[in-house]
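*Asks:* First, the structure itself, so that you have it in front of you.
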Amino acid sequence: PASPYGASKLACEVLLNTYHALHKMETINLRLFSVYGPDLRQDCVPYLIASALLKGKPFTVFGDGTSMRDYIEVSDVLDALDAACRCKETNLTLNIGSGFGTRLLDLIALLEKHLARKTELVYKPAVPGELALAVPDISLAMEKLHWEPKGAIEDGIHVARLHIRPMILHHRVRLHHVGPDLASPCDLRLLRVETLQLLPFLVPHQLIDLGAQDF
């Protein structure tokens, strides 16, 4: 990886693969791409754009705005987690995304449309190490998990706008408890989600706190 962020994610995968090799622990690495939805994490790009729009502030674009990311709606991520818990095969590394890329300028235009606001764009040089394109091949995840993302970006932003406005204007953040109804028995199987944040909480029959902190 060309950035510390990417290197940290790869290190987590290596750690889980080591546990699998040494202790025969059943593991599945899930590589989550740009997750968005209700109760957005406040440092994620859709939240930052929406915050600029609703507060009437300029938004800083690093580079020319053509960088492309795969934005996946959080309910599709939860479906993937559930499918991974049910999966009979282990020691897998799977990309979890929508399978479609969205340019930063197109995401800004989409949020402007659904929030009925405009923002001034301030352009600055691209950040070293930032990828111009991060759109995964999700075909292996679809095959192994019998899973398919359902949410299109425009539909997801349309729904998320109802949650974004009160979060930003009234500082309302809800924490969720995701209980036994989400996932099937996990057989002590570990899923890497982002940077091992969930590992202490992933236990048989239960996934805990997949709320505002992680998404």
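Ligands are numbered from 1 in the order shown, chains are lettered A, B, ... in the order of the structure tokens, and residues start at 1 in each chain.
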Assign secondary structure with DSSP using the backbone only, and return the residues of segment 1-52 of chain A in strand (DSSP E) as a PyMOL selection string.

*Replies:* chain A and resi 27-32+34-36

*Asks:* Compile the contact shell of segment 124-138 of chain A as a PyMOL selection string: residues with an atom at most 12 Å away, counting only C-alpha atoms, same-chain residues fewer than 4 positions apart removed.

*Replies:* chain A and resi 1-7+30-34+59-72+80+93-104+142-149

*Asks:* Since we have the selection now, will you write its residues out, keeping C-alpha atoms, as a JSON list (two decimals), in the first residue's frame?

*Replies:*
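Output file part_14.json follows:
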[["chain", "number", "residue", "atom", "x", "y", "z"],
["A", 1, "PRO", "CA", 0.00, 0.00, 0.00],
["A", 2, "ALA", "CA", 1.10, 3.55, -0.76],
["A", 3, "SER", "CA", -0.33, 5.04, 2.46],
["A", 4, "PRO", "CA", -0.17, 4.31, 6.22],
["A", 5, "TYR", "CA", -3.96, 3.90, 6.15],
["A", 6, "GLY", "CA", -3.77, 1.12, 3.56],
["A", 7, "ALA", "CA", -0.82, -0.46, 5.34],
["A", 30, "LEU", "CA", -14.08, -8.15, 4.93],
["A", 31, "ARG", "CA", -12.68, -5.13, 3.13],
["A", 32, "LEU", "CA", -15.33, -2.44, 3.56],
["A", 33, "PHE", "CA", -15.21, 0.39, 1.08],
["A", 34, "SER", "CA", -16.81, 3.82, 1.65],
["A", 59, "PHE", "CA", -16.06, 22.62, 0.93],
["A", 60, "THR", "CA", -12.40, 21.81, 0.23],
["A", 61, "VAL", "CA", -11.67, 19.50, -2.70],
["A", 62, "PHE", "CA", -8.21, 17.96, -2.69],
["A", 63, "GLY", "CA", -7.22, 17.40, -6.30],
["A", 64, "ASP", "CA", -9.51, 18.07, -9.23],
["A", 65, "GLY", "CA", -12.59, 16.29, -7.86],
["A", 66, "THR", "CA", -12.43, 13.37, -10.28],
["A", 67, "SER", "CA", -11.23, 10.86, -7.68],
["A", 68, "MET", "CA", -13.63, 7.94, -7.55],
["A", 69, "ARG", "CA", -14.82, 5.87, -4.59],
["A", 70, "ASP", "CA", -17.27, 3.01, -4.11],
["A", 71, "TYR", "CA", -19.96, 4.19, -1.66],
["A", 72, "ILE", "CA", -21.94, 1.36, -0.09],
["A", 80, "ALA", "CA", -22.74, -8.86, 4.14],
["A", 93, "THR", "CA", -10.61, -12.03, 1.95],
["A", 94, "LEU", "CA", -13.62, -10.34, 0.36],
["A", 95, "ASN", "CA", -14.32, -6.85, -0.97],
["A", 96, "ILE", "CA", -17.57, -5.31, 0.29],
["A", 97, "GLY", "CA", -18.75, -2.46, -1.88],
["A", 98, "SER", "CA", -21.55, -1.54, -4.26],
["A", 99, "GLY", "CA", -19.48, -2.44, -7.30],
["A", 100, "PHE", "CA", -19.92, 1.07, -8.77],
["A", 101, "GLY", "CA", -17.71, 4.14, -8.54],
["A", 102, "THR", "CA", -18.84, 7.72, -7.87],
["A", 103, "ARG", "CA", -16.67, 10.76, -8.57],
["A", 104, "LEU", "CA", -16.29, 13.26, -5.74],
["A", 142, "MET", "CA", -21.17, -12.19, -4.14],
["A", 143, "GLU", "CA", -20.20, -15.77, -5.00],
["A", 144, "LYS", "CA", -18.94, -16.89, -1.58],
["A", 145, "LEU", "CA", -21.52, -15.09, 0.56],
["A", 146, "HIS", "CA", -24.50, -15.45, -1.78],
["A", 147, "TRP", "CA", -24.89, -11.72, -1.18],
["A", 148, "GLU", "CA", -25.62, -8.77, -3.44],
["A", 149, "PRO", "CA", -25.74, -5.05, -2.60]]

*Asks:* Of the candidates A:Gly156, A:His114, A:Asn91, A:Arg165, which shows the shortest atom-to-atom distance to Ala21 of chain A, using only C-alpha atoms?

*Replies:*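 Result for the nearest residue to Ala21 of chain A: A:Asn91.
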
*Asks:* When you count only C-alpha atoms, which of these residues is closest to Thr27 of chain A: A:Val77, A:Arg41, A:Leu54, A:Cys87?

*Replies:*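 Selected residue with least distance to Thr27 of chain A: A:Cys87.
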
*Asks:* Find the residues around segment 119-121 of chain A up to 10 Å (only C-alpha atoms counted), leave out those fewer than 5 positions away in its own chain, and share them as a list in words.

*Replies:* Ile49, Ala50, Ala52, Leu53, Leu54, Lys55, Gly56, Lys57, Pro58, Phe59, Thr60, Val61, Gly65, Leu105, Ile108, Ala109 and Glu112 of chain A

*Asks:* Quick check, in Å to one decimal: how far apart do atom CA of Leu111 of chain A and atom CA of Ala141 of chain A lie?

*Replies:*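 So the two atoms, atom CA of Leu111 of chain A and atom CA of Ala141 of chain A, lie 28.8 Å apart.
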
*Asks:* Hey, can you check how far atom CA of Ile157 of chain A sits from atom CA of Pro46 of chain A?

*Replies:* 8.9 Å

*Asks:* Can you pull out the residues contacting Tyr36 of chain A? Cut-off 12 Å, using only C-alpha atoms, and skip same-chain residues under 6 positions away; I want them as a count of residues only.

*Replies:* 37

*Asks:* Can you list every residue in segment 85-146 of chain A that DSSP puts in helix (DSSP H, G or I), as a list in words?

*Replies:*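 Assigned to helix (DSSP H, G or I), within segment 85-146 of chain A: Cys85, Arg86, Leu104, Leu105, Asp106, Leu107, Ile108, Ala109, Leu110, Leu111, Glu112, Lys113, His114, Leu115, Ser139, Leu140, Ala141, Met142, Glu143, Lys144 and Leu145 of chain A.
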
*Asks:* Using atom CA of Leu16 of chain A and atom CA of Ser139 of chain A as the two end points, give the distance in Å to one decimal.

*Replies:*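 Interatomic distance here is 22.3 Å.
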